[in-house]
Amino acid sequence: MARPKIALIGAGNIGGTLAHLAAVKELGDVVLFDISEGLPEGKALDIAESGPSEGFDAAMSGTQSYEDIAGADVCIVTAGVARKPGMSRDDLLGINLKVMKSVGEGIAAHAPNAFVICITNPLDAMVWALREFSGLPHNMVCGMAGVLDSARFRHFLAEEFNVSMRDVTAFVLGGHGDTMVPSVRYSTVAGIPLPDLIDMGWTTQEKLDAMVQRTRDGGAEIVGLLKTGSAYYAPATSAIEMAEAFLKDQKRVLPCAAYCDGDLGVKDMYVGVPTVIGAGGVERIVNIKLNKDEQEMFDTSVAAVKGLVDACKGIDSSLA
Ligand code: A3D
């Protein structure tokens, strides 16, 4: 059986890391696409040359032509620009919306059966627009944010409790932004919910609140340290976890930006919710029950995402 084909649209910091991880994990052959000439070709060659030492069998190539992504099983989209000093969120939205249009059309023309994972920010609005421009089925287009935000929360919790990160589960819901909702009730250590761990004296409400806030600020914390870019190791690892769930039909329960059509009370929008990812793409949304406080936070987050989607519709009339 031929190896799966993985197309990475955008060969910047995350794109290059995705390619390396996909190769090391032997998930399939990788095509890196970028408008920047030489960048995808250079990264592909560099990673291919790590193959003899690492011992993986995966073909690597770089391209500026959408024809080369033909028949891809998975497309991971990081194409776009990051916010630069002096650029407003709306400026960024306008620029990346145009990028989503060209990427969506490229995928529709050459890889219409792919499972598409969007990472480009502002995430929830961009994945919505990418789906609209590509016309692919909603279950085959999703956004990566929840796995990363949950991983950050799990890391902070594991450090606080001095336990293995593997035994800490967490869910972060809502939009990928300041309003994201780290769910304390549904986060556990080996099945023990966090509120019980406070009762057991493992931590305090104040410390937990601080970890929740640090999770919300997780992206900004890394930007503040790096100064010249944003996080890429953990974002790439998170998207690879989702791609692997699809390629191996793992039926993983992972939070991601998925299309909600009435799910958790959200209509016709992409927002972070728990999902099941398998060979059918986003096979199911786990319709968890939120309590009053969680619902209020979730609603605020959904309203923020809706504002961005409405702004997209205002910029590109074909989306309205
Ligand atoms: P960066 O290293 O700048 O890579 C972006 C790449 O996109 C560059 O190589 C560009 O040349 C390329 N590009 C620009 N326009 C196009 C186009 N039209 N077609 C193809 N390629 C194009 O950024 P990065 O890899 O660090 O981040 C990529 C995106 O992910 C950004 O929008 C980040 O904000 C976002 N991001 C999201 C998360 C989430 O959790 C959702 C986390 C971290 C970064």
# chains A, B, ... in the order shown; residues from 1 in each chain; ligands from 1

$ residues_around --residues "His20 of chain A" --least-positions-apart "3" --cutoff "10 Å" --atoms "only C-alpha atoms" --output "list in words"
Ile14, Gly15, Gly16, Thr17, Ala23, Val24, Lys25, Glu26, Val30, Lys43, Ala44, Asp46, Ile47, Ala48, Ser50, Gly51, Met60 and Ala236 of chain A

$ write_last_selection --atoms "N, CA and C atoms" --output "tab-separated table (two decimals), in the first residue's frame"
chain	number	residue	atom	x	y	z
A	14	ILE	N	6.20	26.61	11.96
A	14	ILE	CA	5.37	25.44	12.28
A	14	ILE	C	5.44	24.43	11.14
A	15	GLY	N	5.37	24.91	9.90
A	15	GLY	CA	5.39	24.00	8.74
A	15	GLY	C	6.62	23.11	8.75
A	16	GLY	N	7.79	23.70	8.99
A	16	GLY	CA	9.02	22.92	9.01
A	16	GLY	C	9.02	21.89	10.14
A	17	THR	N	8.51	22.30	11.29
A	17	THR	CA	8.47	21.37	12.44
A	17	THR	C	7.48	20.24	12.16
A	23	ALA	N	7.91	13.07	9.41
A	23	ALA	CA	8.94	12.16	8.90
A	23	ALA	C	9.40	11.21	10.00
A	24	VAL	N	9.74	11.76	11.15
A	24	VAL	CA	10.26	10.94	12.25
A	24	VAL	C	9.22	9.90	12.67
A	25	LYS	N	7.95	10.28	12.62
A	25	LYS	CA	6.89	9.34	13.01
A	25	LYS	C	6.44	8.47	11.83
A	26	GLU	N	7.06	8.66	10.67
A	26	GLU	CA	6.73	7.91	9.44
A	26	GLU	C	5.22	7.91	9.18
A	30	VAL	N	5.82	13.71	2.56
A	30	VAL	CA	5.47	15.10	2.88
A	30	VAL	C	5.77	16.03	1.71
A	43	LYS	N	13.88	23.34	3.25
A	43	LYS	CA	13.51	22.59	4.47
A	43	LYS	C	13.30	21.11	4.15
A	44	ALA	N	12.68	20.84	2.99
A	44	ALA	CA	12.44	19.44	2.61
A	44	ALA	C	13.76	18.70	2.46
A	46	ASP	N	16.72	19.49	3.75
A	46	ASP	CA	17.39	19.41	5.06
A	46	ASP	C	16.81	18.25	5.88
A	47	ILE	N	15.49	18.14	5.90
A	47	ILE	CA	14.85	17.06	6.68
A	47	ILE	C	15.14	15.70	6.05
A	48	ALA	N	15.09	15.65	4.69
A	48	ALA	CA	15.39	14.37	4.01
A	48	ALA	C	16.80	13.90	4.38
A	50	SER	N	18.25	14.25	7.10
A	50	SER	CA	18.32	13.72	8.47
A	50	SER	C	17.83	12.27	8.50
A	51	GLY	N	17.23	11.83	7.38
A	51	GLY	CA	16.64	10.49	7.30
A	51	GLY	C	17.62	9.36	7.56
A	60	MET	N	10.39	13.61	0.98
A	60	MET	CA	10.19	15.04	1.33
A	60	MET	C	10.36	15.86	0.07
A	236	ALA	N	2.96	22.46	16.44
A	236	ALA	CA	3.15	21.42	15.42
A	236	ALA	C	2.83	20.04	16.00

$ residues_around --residues "segment 258-260 of chain A" --least-positions-apart "3" --cutoff "7 Å" --atoms "only C-alpha atoms" --output "PDB file with C-alpha atoms, in the first residue's frame"
ATOM      1  CA  HIS A 138     -17.519  20.327   7.324  1.00  0.00           C
ATOM      2  CA  CYS A 142     -11.104  21.568  11.464  1.00  0.00           C
ATOM      3  CA  GLY A 143      -8.778  23.819  13.398  1.00  0.00           C
ATOM      4  CA  ASP A 263     -23.746  21.476  19.096  1.00  0.00           C
ATOM      5  CA  VAL A 266     -23.610  26.918  18.705  1.00  0.00           C
ATOM      6  CA  LYS A 267     -25.032  27.258  15.211  1.00  0.00           C
ATOM      7  CA  ASP A 268     -23.118  27.477  11.919  1.00  0.00           C
ATOM      8  CA  MET A 269     -19.734  28.311  13.414  1.00  0.00           C
ATOM      9  CA  TYR A 270     -16.354  26.800  14.197  1.00  0.00           C
ATOM     10  CA  VAL A 271     -15.398  26.839  17.851  1.00  0.00           C
ATOM     11  CA  GLY A 272     -13.329  24.696  20.211  1.00  0.00           C
ATOM     12  CA  VAL A 273     -15.290  21.638  21.393  1.00  0.00           C
TER      13      VAL A 273
END

$ residues_near_ligand --ligand "ligand 1" --cutoff "8 Å" --atoms "only C-alpha atoms and all ligand atoms" --output "ChimeraX atom specification"
/A:9-16,33-36,39,77-83,96,98-100,102-103,118-123,143-146,148-149,176,219,229-232,235

$ write_last_selection --atoms "N, CA and C atoms" --output "compact mmCIF listing (two decimals), in the first residue's frame"
# COMPACT_ATOMS: atom_id res chain seq x y z
N ILE A 9 0.75 23.32 3.98
CA ILE A 9 0.59 24.59 3.26
C ILE A 9 1.12 25.69 4.16
N GLY A 10 2.30 26.18 3.84
CA GLY A 10 3.04 27.09 4.73
C GLY A 10 4.23 26.30 5.26
N ALA A 11 5.42 26.80 4.97
CA ALA A 11 6.64 26.08 5.35
C ALA A 11 7.50 26.93 6.28
N GLY A 12 6.83 27.69 7.12
CA GLY A 12 7.55 28.55 8.08
C GLY A 12 7.96 27.74 9.30
N ASN A 13 7.90 28.38 10.46
CA ASN A 13 8.36 27.71 11.68
C ASN A 13 7.52 26.47 12.01
N ILE A 14 6.20 26.61 11.96
CA ILE A 14 5.37 25.44 12.28
C ILE A 14 5.44 24.43 11.14
N GLY A 15 5.37 24.91 9.90
CA GLY A 15 5.39 24.00 8.74
C GLY A 15 6.62 23.11 8.75
N GLY A 16 7.79 23.70 8.99
CA GLY A 16 9.02 22.92 9.01
C GLY A 16 9.02 21.89 10.14
N PHE A 33 4.50 23.22 0.87
CA PHE A 33 4.13 24.26 -0.10
C PHE A 33 4.31 25.62 0.56
N ASP A 34 4.91 26.56 -0.16
CA ASP A 34 5.02 27.94 0.37
C ASP A 34 5.21 28.87 -0.82
N ILE A 35 4.74 30.12 -0.69
CA ILE A 35 4.95 31.09 -1.77
C ILE A 35 6.39 31.61 -1.76
N SER A 36 7.10 31.40 -0.67
CA SER A 36 8.47 31.89 -0.56
C SER A 36 9.40 30.90 -1.27
N LEU A 39 12.29 28.24 0.20
CA LEU A 39 12.07 27.88 1.61
C LEU A 39 11.55 26.44 1.77
N VAL A 77 -2.57 23.55 7.39
CA VAL A 77 -2.44 24.91 6.87
C VAL A 77 -1.87 25.85 7.93
N THR A 78 -0.68 26.37 7.64
CA THR A 78 -0.09 27.39 8.52
C THR A 78 0.23 28.65 7.72
N ALA A 79 -0.19 28.68 6.47
CA ALA A 79 0.13 29.81 5.60
C ALA A 79 -0.48 31.09 6.15
N GLY A 80 0.27 32.17 6.02
CA GLY A 80 -0.25 33.46 6.45
C GLY A 80 0.84 34.30 7.07
N VAL A 81 0.43 35.41 7.62
CA VAL A 81 1.42 36.26 8.29
C VAL A 81 1.05 36.35 9.77
N ALA A 82 2.05 36.59 10.56
CA ALA A 82 1.82 36.81 11.99
C ALA A 82 1.63 38.31 12.19
N ARG A 83 1.02 38.67 13.31
CA ARG A 83 0.80 40.09 13.58
C ARG A 83 2.13 40.78 13.86
N ASN A 96 -4.81 37.53 6.19
CA ASN A 96 -4.90 36.07 6.25
C ASN A 96 -6.17 35.52 5.61
N LYS A 98 -7.35 36.60 2.80
CA LYS A 98 -6.96 36.45 1.38
C LYS A 98 -6.13 35.17 1.20
N VAL A 99 -5.26 34.91 2.18
CA VAL A 99 -4.43 33.70 2.11
C VAL A 99 -5.34 32.46 2.15
N MET A 100 -6.35 32.48 3.04
CA MET A 100 -7.26 31.33 3.15
C MET A 100 -8.01 31.09 1.84
N SER A 102 -6.88 31.69 -1.27
CA SER A 102 -6.02 30.99 -2.24
C SER A 102 -5.75 29.55 -1.79
N VAL A 103 -5.57 29.34 -0.48
CA VAL A 103 -5.31 27.98 0.02
C VAL A 103 -6.55 27.10 -0.17
N CYS A 118 -6.46 23.42 10.05
CA CYS A 118 -6.00 24.80 9.94
C CYS A 118 -5.34 25.23 11.25
N ILE A 119 -4.24 25.96 11.13
CA ILE A 119 -3.56 26.50 12.32
C ILE A 119 -3.46 28.03 12.25
N THR A 120 -3.61 28.58 11.06
CA THR A 120 -3.45 30.02 10.87
C THR A 120 -4.41 30.81 11.76
N ASN A 121 -3.88 31.87 12.36
CA ASN A 121 -4.68 32.75 13.23
C ASN A 121 -5.31 33.91 12.45
N PRO A 122 -6.37 34.52 12.96
CA PRO A 122 -7.14 34.12 14.14
C PRO A 122 -7.94 32.84 13.85
N LEU A 123 -7.60 31.79 14.62
CA LEU A 123 -7.89 30.41 14.25
C LEU A 123 -9.35 30.11 13.91
N GLY A 143 -9.88 22.94 12.99
CA GLY A 143 -8.78 23.82 13.40
C GLY A 143 -8.07 23.28 14.63
N MET A 144 -6.74 23.48 14.66
CA MET A 144 -5.96 23.06 15.82
C MET A 144 -5.83 24.23 16.79
N ALA A 145 -6.29 24.06 17.99
CA ALA A 145 -6.07 25.04 19.06
C ALA A 145 -6.26 24.33 20.40
N GLY A 146 -7.37 23.59 20.52
CA GLY A 146 -7.70 22.96 21.79
C GLY A 146 -6.66 21.97 22.27
N LEU A 148 -3.48 22.09 21.72
CA LEU A 148 -2.36 22.89 22.22
C LEU A 148 -2.71 23.57 23.55
N ASP A 149 -3.87 24.22 23.61
CA ASP A 149 -4.24 24.92 24.84
C ASP A 149 -4.37 23.92 26.00
N HIS A 176 -10.00 30.19 20.31
CA HIS A 176 -8.58 30.24 20.65
C HIS A 176 -8.21 31.71 20.81
N GLY A 219 0.10 31.57 24.62
CA GLY A 219 0.73 31.99 23.37
C GLY A 219 1.55 33.26 23.58
N GLY A 229 8.89 35.79 17.07
CA GLY A 229 7.93 34.87 16.46
C GLY A 229 7.08 34.25 17.54
N SER A 230 6.25 33.30 17.13
CA SER A 230 5.38 32.65 18.12
C SER A 230 5.76 31.18 18.25
N ALA A 231 5.06 30.49 19.16
CA ALA A 231 5.37 29.09 19.47
C ALA A 231 5.26 28.22 18.22
N TYR A 232 6.12 27.22 18.11
CA TYR A 232 5.95 26.30 16.99
C TYR A 232 6.17 24.83 17.31
N PRO A 235 2.66 23.73 18.98
CA PRO A 235 1.58 23.78 17.98
C PRO A 235 1.71 22.68 16.92

$ residues_around --residues "Val305 of chain A" --least-positions-apart "4" --cutoff "8 Å" --atoms "only C-alpha atoms" --output "VMD selection string"
chain A and resid 124 to 125 175 271 301 309

$ residues_around --residues "segment 278-288 of chain A" --least-positions-apart "5" --cutoff "7 Å" --atoms "only C-alpha atoms" --output "short mmCIF file (atom, residue, chain, number, x, y, z; two decimals) with all heavy atoms, in the first residue's frame"
data_model
loop_
_atom_site.label_atom_id
_atom_site.label_comp_id
_atom_site.auth_asym_id
_atom_site.auth_seq_id
_atom_site.Cartn_x
_atom_site.Cartn_y
_atom_site.Cartn_z
N PHE A 115 -8.18 15.45 4.72
CA PHE A 115 -8.58 15.94 6.05
C PHE A 115 -7.74 17.19 6.27
O PHE A 115 -6.51 17.13 6.22
CB PHE A 115 -8.28 14.87 7.11
CG PHE A 115 -8.64 15.28 8.52
CD1 PHE A 115 -9.90 15.75 8.83
CD2 PHE A 115 -7.70 15.16 9.56
CE1 PHE A 115 -10.24 16.11 10.13
CE2 PHE A 115 -8.03 15.50 10.86
CZ PHE A 115 -9.31 15.99 11.14
N ASN A 139 -17.03 18.09 8.17
CA ASN A 139 -16.35 17.14 9.05
C ASN A 139 -14.89 16.90 8.64
O ASN A 139 -14.11 16.32 9.39
CB ASN A 139 -17.09 15.79 9.08
CG ASN A 139 -17.15 15.14 7.71
OD1 ASN A 139 -17.63 15.75 6.75
ND2 ASN A 139 -16.66 13.93 7.60
N MET A 140 -14.54 17.34 7.42
CA MET A 140 -13.16 17.13 6.94
C MET A 140 -12.29 18.38 7.10
O MET A 140 -11.14 18.40 6.68
CB MET A 140 -13.18 16.68 5.47
CG MET A 140 -13.81 15.30 5.29
SD MET A 140 -12.90 13.99 6.19
CE MET A 140 -11.63 13.61 4.99
N ALA A 245 -4.40 10.79 14.37
CA ALA A 245 -5.71 10.22 14.75
C ALA A 245 -6.54 9.92 13.51
O ALA A 245 -7.23 8.90 13.44
CB ALA A 245 -6.45 11.19 15.67
N PHE A 246 -6.44 10.80 12.51
CA PHE A 246 -7.17 10.59 11.26
C PHE A 246 -6.54 9.45 10.45
O PHE A 246 -7.23 8.50 10.05
CB PHE A 246 -7.18 11.89 10.43
CG PHE A 246 -7.63 11.70 9.01
CD1 PHE A 246 -8.98 11.54 8.72
CD2 PHE A 246 -6.71 11.66 7.97
CE1 PHE A 246 -9.39 11.35 7.40
CE2 PHE A 246 -7.11 11.46 6.66
CZ PHE A 246 -8.46 11.31 6.37
N LEU A 247 -5.23 9.53 10.25
CA LEU A 247 -4.56 8.57 9.36
C LEU A 247 -4.64 7.14 9.89
O LEU A 247 -4.70 6.18 9.13
CB LEU A 247 -3.08 8.97 9.18
CG LEU A 247 -2.84 10.22 8.32
CD1 LEU A 247 -1.40 10.71 8.46
CD2 LEU A 247 -3.16 9.93 6.86
N ASP A 249 -7.02 6.11 12.06
CA ASP A 249 -8.39 5.87 12.52
C ASP A 249 -8.42 5.58 14.03
O ASP A 249 -9.06 4.63 14.49
CB ASP A 249 -9.01 4.70 11.74
CG ASP A 249 -10.52 4.61 11.95
OD1 ASP A 249 -11.15 5.62 12.34
OD2 ASP A 249 -11.07 3.51 11.73
N GLN A 250 -7.73 6.44 14.79
CA GLN A 250 -7.58 6.17 16.23
C GLN A 250 -8.83 6.50 17.05
O GLN A 250 -8.94 6.10 18.20
CB GLN A 250 -6.39 6.97 16.78
CG GLN A 250 -5.04 6.45 16.31
CD GLN A 250 -3.90 7.36 16.72
OE1 GLN A 250 -4.07 8.58 16.85
NE2 GLN A 250 -2.73 6.80 16.90
N LYS A 251 -9.73 7.27 16.49
CA LYS A 251 -10.95 7.70 17.22
C LYS A 251 -10.57 8.38 18.54
O LYS A 251 -11.16 8.13 19.59
CB LYS A 251 -11.90 6.52 17.48
CG LYS A 251 -12.05 5.57 16.30
CD LYS A 251 -13.44 5.63 15.73
CE LYS A 251 -13.62 4.64 14.58
NZ LYS A 251 -13.86 5.29 13.30
N ARG A 252 -9.53 9.24 18.44
CA ARG A 252 -9.09 9.99 19.62
C ARG A 252 -10.14 11.03 20.02
O ARG A 252 -10.79 11.63 19.17
CB ARG A 252 -7.76 10.72 19.33
CG ARG A 252 -6.55 9.84 19.07
CD ARG A 252 -5.99 9.19 20.32
NE ARG A 252 -5.84 10.11 21.44
CZ ARG A 252 -4.79 10.93 21.60
NH1 ARG A 252 -3.79 10.93 20.74
NH2 ARG A 252 -4.73 11.74 22.66
N ASP A 263 -24.48 22.14 18.01
CA ASP A 263 -23.75 21.48 19.10
C ASP A 263 -23.36 22.49 20.17
O ASP A 263 -22.93 23.60 19.87
CB ASP A 263 -22.48 20.83 18.54
CG ASP A 263 -22.80 19.86 17.43
OD1 ASP A 263 -23.14 18.71 17.73
OD2 ASP A 263 -22.75 20.28 16.25
N LEU A 264 -23.50 22.09 21.42
CA LEU A 264 -23.26 22.96 22.58
C LEU A 264 -23.94 24.32 22.40
O LEU A 264 -23.43 25.37 22.81
CB LEU A 264 -21.75 23.16 22.82
CG LEU A 264 -21.06 22.03 23.60
CD1 LEU A 264 -20.63 20.90 22.69
CD2 LEU A 264 -19.86 22.55 24.36
N VAL A 273 -14.40 22.58 20.69
CA VAL A 273 -15.29 21.64 21.39
C VAL A 273 -14.60 20.27 21.42
O VAL A 273 -13.73 20.01 20.59
CB VAL A 273 -16.66 21.50 20.67
CG1 VAL A 273 -17.52 22.73 20.86
CG2 VAL A 273 -16.48 21.21 19.19
#

$ atom_distance --atom1 "atom CA of Asn113 of chain A" --atom2 "atom CA of Ala58 of chain A"
21.1 Å

$ residues_around --residues "Asp310 of chain A" --least-positions-apart "4" --cutoff "12 Å" --atoms "only C-alpha atoms" --output "ChimeraX atom specification"
/A:90,93,124-126,128-129,269,303-306,314-317,319-320

$ write_last_selection --atoms "all heavy atoms" --output "CSV table (one decimal), in the first residue's frame"
chain,number,residue,atom,x,y,z
A,90,ASP,N,-7.6,43.6,12.8
A,90,ASP,CA,-8.4,43.6,11.6
A,90,ASP,C,-7.5,43.6,10.4
A,90,ASP,O,-7.8,42.9,9.4
A,90,ASP,CB,-9.3,44.9,11.6
A,90,ASP,CG,-10.4,44.7,12.5
A,90,ASP,OD1,-10.6,43.6,13.1
A,90,ASP,OD2,-11.1,45.8,12.8
A,93,LEU,N,-6.5,40.1,10.0
A,93,LEU,CA,-7.7,39.3,9.5
A,93,LEU,C,-7.8,39.4,8.0
A,93,LEU,O,-8.0,38.4,7.3
A,93,LEU,CB,-9.0,39.8,10.2
A,93,LEU,CG,-10.2,39.0,10.1
A,93,LEU,CD1,-10.1,37.8,11.1
A,93,LEU,CD2,-11.4,39.8,10.5
A,124,ASP,N,-10.3,30.4,14.8
A,124,ASP,CA,-11.6,30.0,14.6
A,124,ASP,C,-12.3,30.6,13.4
A,124,ASP,O,-13.1,30.0,12.7
A,124,ASP,CB,-12.5,30.3,15.9
A,124,ASP,CG,-11.8,29.7,17.1
A,124,ASP,OD1,-12.1,28.5,17.4
A,124,ASP,OD2,-11.0,30.3,17.7
A,125,ALA,N,-11.9,31.9,13.1
A,125,ALA,CA,-12.5,32.6,12.0
A,125,ALA,C,-11.8,32.1,10.7
A,125,ALA,O,-12.5,31.9,9.7
A,125,ALA,CB,-12.3,34.1,12.1
A,126,MET,N,-10.5,31.8,10.8
A,126,MET,CA,-9.8,31.4,9.6
A,126,MET,C,-10.2,30.0,9.1
A,126,MET,O,-10.4,29.7,8.0
A,126,MET,CB,-8.2,31.4,9.8
A,126,MET,CG,-7.7,32.8,9.9
A,126,MET,SD,-8.0,33.8,8.4
A,126,MET,CE,-9.3,34.9,9.0
A,128,TRP,N,-13.1,28.7,9.6
A,128,TRP,CA,-14.5,28.8,9.1
A,128,TRP,C,-14.3,29.3,7.6
A,128,TRP,O,-15.0,28.7,6.7
A,128,TRP,CB,-15.3,29.8,9.9
A,128,TRP,CG,-16.6,30.2,9.3
A,128,TRP,CD1,-17.8,29.4,9.5
A,128,TRP,CD2,-16.9,31.3,8.5
A,128,TRP,NE1,-18.8,30.0,8.8
A,128,TRP,CE2,-18.3,31.1,8.1
A,128,TRP,CE3,-16.2,32.3,7.9
A,128,TRP,CZ2,-18.9,32.1,7.3
A,128,TRP,CZ3,-16.8,33.2,7.1
A,128,TRP,CH2,-18.2,33.1,6.8
A,129,ALA,N,-13.5,30.3,7.4
A,129,ALA,CA,-13.3,30.9,6.0
A,129,ALA,C,-12.7,29.9,5.1
A,129,ALA,O,-13.1,29.7,3.9
A,129,ALA,CB,-12.5,32.1,6.1
A,269,MET,N,-21.0,27.7,13.1
A,269,MET,CA,-19.7,28.3,13.4
A,269,MET,C,-18.7,27.3,13.8
A,269,MET,O,-19.1,26.2,14.2
A,269,MET,CB,-19.9,29.2,14.6
A,269,MET,CG,-20.0,30.7,14.2
A,269,MET,SD,-20.4,31.7,15.7
A,269,MET,CE,-19.1,31.4,16.8
A,303,ALA,N,-19.2,34.5,21.3
A,303,ALA,CA,-19.5,35.8,20.8
A,303,ALA,C,-18.3,36.5,20.2
A,303,ALA,O,-18.4,37.2,19.2
A,303,ALA,CB,-20.1,36.7,21.9
A,304,ALA,N,-17.1,36.3,20.8
A,304,ALA,CA,-15.9,36.9,20.3
A,304,ALA,C,-15.6,36.3,18.9
A,304,ALA,O,-15.2,37.0,18.0
A,304,ALA,CB,-14.7,36.6,21.2
A,305,VAL,N,-15.7,35.0,18.8
A,305,VAL,CA,-15.5,34.3,17.5
A,305,VAL,C,-16.5,34.8,16.4
A,305,VAL,O,-16.1,35.1,15.3
A,305,VAL,CB,-15.6,32.8,17.6
A,305,VAL,CG1,-15.5,32.1,16.2
A,305,VAL,CG2,-14.5,32.2,18.5
A,306,LYS,N,-17.7,35.0,16.9
A,306,LYS,CA,-18.8,35.4,15.9
A,306,LYS,C,-18.4,36.8,15.4
A,306,LYS,O,-18.6,37.1,14.2
A,306,LYS,CB,-20.1,35.5,16.6
A,306,LYS,CG,-21.3,35.8,15.6
A,306,LYS,CD,-22.6,35.6,16.2
A,306,LYS,CE,-23.7,35.9,15.2
A,306,LYS,NZ,-23.6,37.1,14.5
A,314,GLY,N,-17.7,40.9,6.3
A,314,GLY,CA,-17.7,42.3,5.9
A,314,GLY,C,-16.5,42.6,4.9
A,314,GLY,O,-16.7,43.4,4.0
A,315,ILE,N,-15.4,41.9,5.0
A,315,ILE,CA,-14.3,42.1,4.2
A,315,ILE,C,-14.5,41.4,2.8
A,315,ILE,O,-14.2,42.0,1.8
A,315,ILE,CB,-13.0,41.5,4.8
A,315,ILE,CG1,-12.7,42.3,6.1
A,315,ILE,CG2,-11.8,41.5,3.9
A,315,ILE,CD1,-11.6,41.6,7.0
A,316,ASP,N,-15.0,40.2,2.8
A,316,ASP,CA,-15.2,39.4,1.5
A,316,ASP,C,-16.7,39.1,1.3
A,316,ASP,O,-17.2,38.3,2.0
A,316,ASP,CB,-14.3,38.1,1.6
A,316,ASP,CG,-14.3,37.4,0.3
A,316,ASP,OD1,-15.4,37.4,-0.4
A,316,ASP,OD2,-13.3,36.8,-0.1
A,317,SER,N,-17.3,39.8,0.4
A,317,SER,CA,-18.7,39.7,0.2
A,317,SER,C,-19.2,38.3,-0.2
A,317,SER,O,-20.3,37.9,0.0
A,317,SER,CB,-19.2,40.7,-0.8
A,317,SER,OG,-18.6,40.6,-2.0
A,319,LEU,N,-18.5,35.7,1.2
A,319,LEU,CA,-18.7,34.9,2.4
A,319,LEU,C,-20.0,35.2,3.1
A,319,LEU,O,-20.5,34.5,4.0
A,319,LEU,CB,-17.5,35.1,3.4
A,319,LEU,CG,-16.2,34.6,3.0
A,319,LEU,CD1,-15.1,35.1,4.0
A,319,LEU,CD2,-16.1,33.1,3.0
A,320,ALA,N,-20.6,36.4,2.7
A,320,ALA,CA,-21.8,36.8,3.5
A,320,ALA,C,-23.0,36.0,3.2
A,320,ALA,O,-23.1,35.3,2.2
A,320,ALA,CB,-22.1,38.3,3.1

$ atom_distance --atom1 "atom CA of Val116 of chain A" --atom2 "atom CA of Glu132 of chain A"
12.6 Å

$ residues_around --residues "segment 155-166 of chain A" --least-positions-apart "2" --cutoff "10 Å" --atoms "only C-alpha atoms" --output "list in words"
Asp149, Ser150, Ala151, Arg152, Phe153, Val168, Thr169, Ala170, Ser187, Thr188, Val189, Ala190, Leu194, Leu197, Trp202, Thr203, Lys207, Leu208, Ala210, Met211, Val212, Arg214 and Thr215 of chain A

$ write_last_selection --atoms "N, CA and C atoms" --output "short mmCIF file (atom, residue, chain, number, x, y, z; two decimals), in the first residue's frame"
data_model
loop_
_atom_site.label_atom_id
_atom_site.label_comp_id
_atom_site.auth_asym_id
_atom_site.auth_seq_id
_atom_site.Cartn_x
_atom_site.Cartn_y
_atom_site.Cartn_z
N ASP A 149 -3.87 24.22 23.61
CA ASP A 149 -4.24 24.92 24.84
C ASP A 149 -4.37 23.92 26.00
N SER A 150 -4.91 22.74 25.71
CA SER A 150 -5.05 21.71 26.75
C SER A 150 -3.68 21.18 27.17
N ALA A 151 -2.78 21.03 26.19
CA ALA A 151 -1.43 20.54 26.50
C ALA A 151 -0.72 21.52 27.43
N ARG A 152 -0.91 22.81 27.16
CA ARG A 152 -0.29 23.82 28.04
C ARG A 152 -0.85 23.69 29.46
N PHE A 153 -2.16 23.58 29.55
CA PHE A 153 -2.81 23.44 30.86
C PHE A 153 -2.31 22.18 31.56
N VAL A 168 -2.39 13.40 33.38
CA VAL A 168 -3.21 14.61 33.53
C VAL A 168 -4.02 14.80 32.25
N THR A 169 -5.33 14.87 32.37
CA THR A 169 -6.16 15.17 31.20
C THR A 169 -6.79 16.54 31.42
N ALA A 170 -7.02 17.24 30.33
CA ALA A 170 -7.64 18.56 30.46
C ALA A 170 -8.39 18.90 29.19
N SER A 187 -11.22 18.48 33.91
CA SER A 187 -9.79 18.18 33.88
C SER A 187 -9.46 17.34 35.11
N THR A 188 -8.62 16.33 34.90
CA THR A 188 -8.39 15.36 35.98
C THR A 188 -6.92 14.94 36.09
N VAL A 189 -6.59 14.37 37.24
CA VAL A 189 -5.36 13.59 37.38
C VAL A 189 -5.81 12.15 37.59
N ALA A 190 -5.50 11.30 36.60
CA ALA A 190 -5.92 9.89 36.64
C ALA A 190 -7.41 9.76 37.00
N LEU A 194 -10.19 18.16 39.14
CA LEU A 194 -9.39 19.18 39.83
C LEU A 194 -10.06 19.71 41.10
N LEU A 197 -9.15 17.61 43.89
CA LEU A 197 -7.74 17.72 44.28
C LEU A 197 -7.50 18.93 45.17
N TRP A 202 -4.09 19.12 47.37
CA TRP A 202 -3.01 19.05 46.38
C TRP A 202 -2.67 20.43 45.82
N THR A 203 -3.66 21.32 45.80
CA THR A 203 -3.44 22.67 45.32
C THR A 203 -4.50 23.57 45.94
N LYS A 207 -4.06 29.02 43.21
CA LYS A 207 -3.04 28.47 42.30
C LYS A 207 -3.70 27.94 41.01
N LEU A 208 -4.85 27.33 41.17
CA LEU A 208 -5.56 26.80 40.01
C LEU A 208 -5.99 27.95 39.09
N ALA A 210 -4.57 30.77 38.80
CA ALA A 210 -3.36 31.30 38.14
C ALA A 210 -2.96 30.41 36.95
N MET A 211 -3.12 29.09 37.11
CA MET A 211 -2.77 28.18 36.00
C MET A 211 -3.75 28.32 34.84
N VAL A 212 -5.02 28.56 35.18
CA VAL A 212 -6.03 28.79 34.13
C VAL A 212 -5.66 30.05 33.34
N ARG A 214 -2.69 31.45 33.10
CA ARG A 214 -1.43 31.23 32.36
C ARG A 214 -1.71 30.46 31.06
N THR A 215 -2.69 29.55 31.13
CA THR A 215 -3.07 28.81 29.92
C THR A 215 -3.65 29.78 28.89
#

$ select_by_dssp --residues "segment 181-295 of chain A" --states "alpha helix (DSSP H)" --output "VMD selection string"
chain A and resid 194 to 199 205 to 216 218 to 226 233 to 247 292 to 295

$ residues_around --residues "Leu32 of chain A" --least-positions-apart "4" --cutoff "6 Å" --atoms "only C-alpha atoms" --output "ChimeraX atom specification"
/A:8,11,40,62

$ select_by_dssp --residues "segment 22-240 of chain A" --states "strand (DSSP E or B)" --output "ChimeraX atom specification"
/A:29-33,60-63,74-77,115-118,141-143,168-174,181-189,192-193
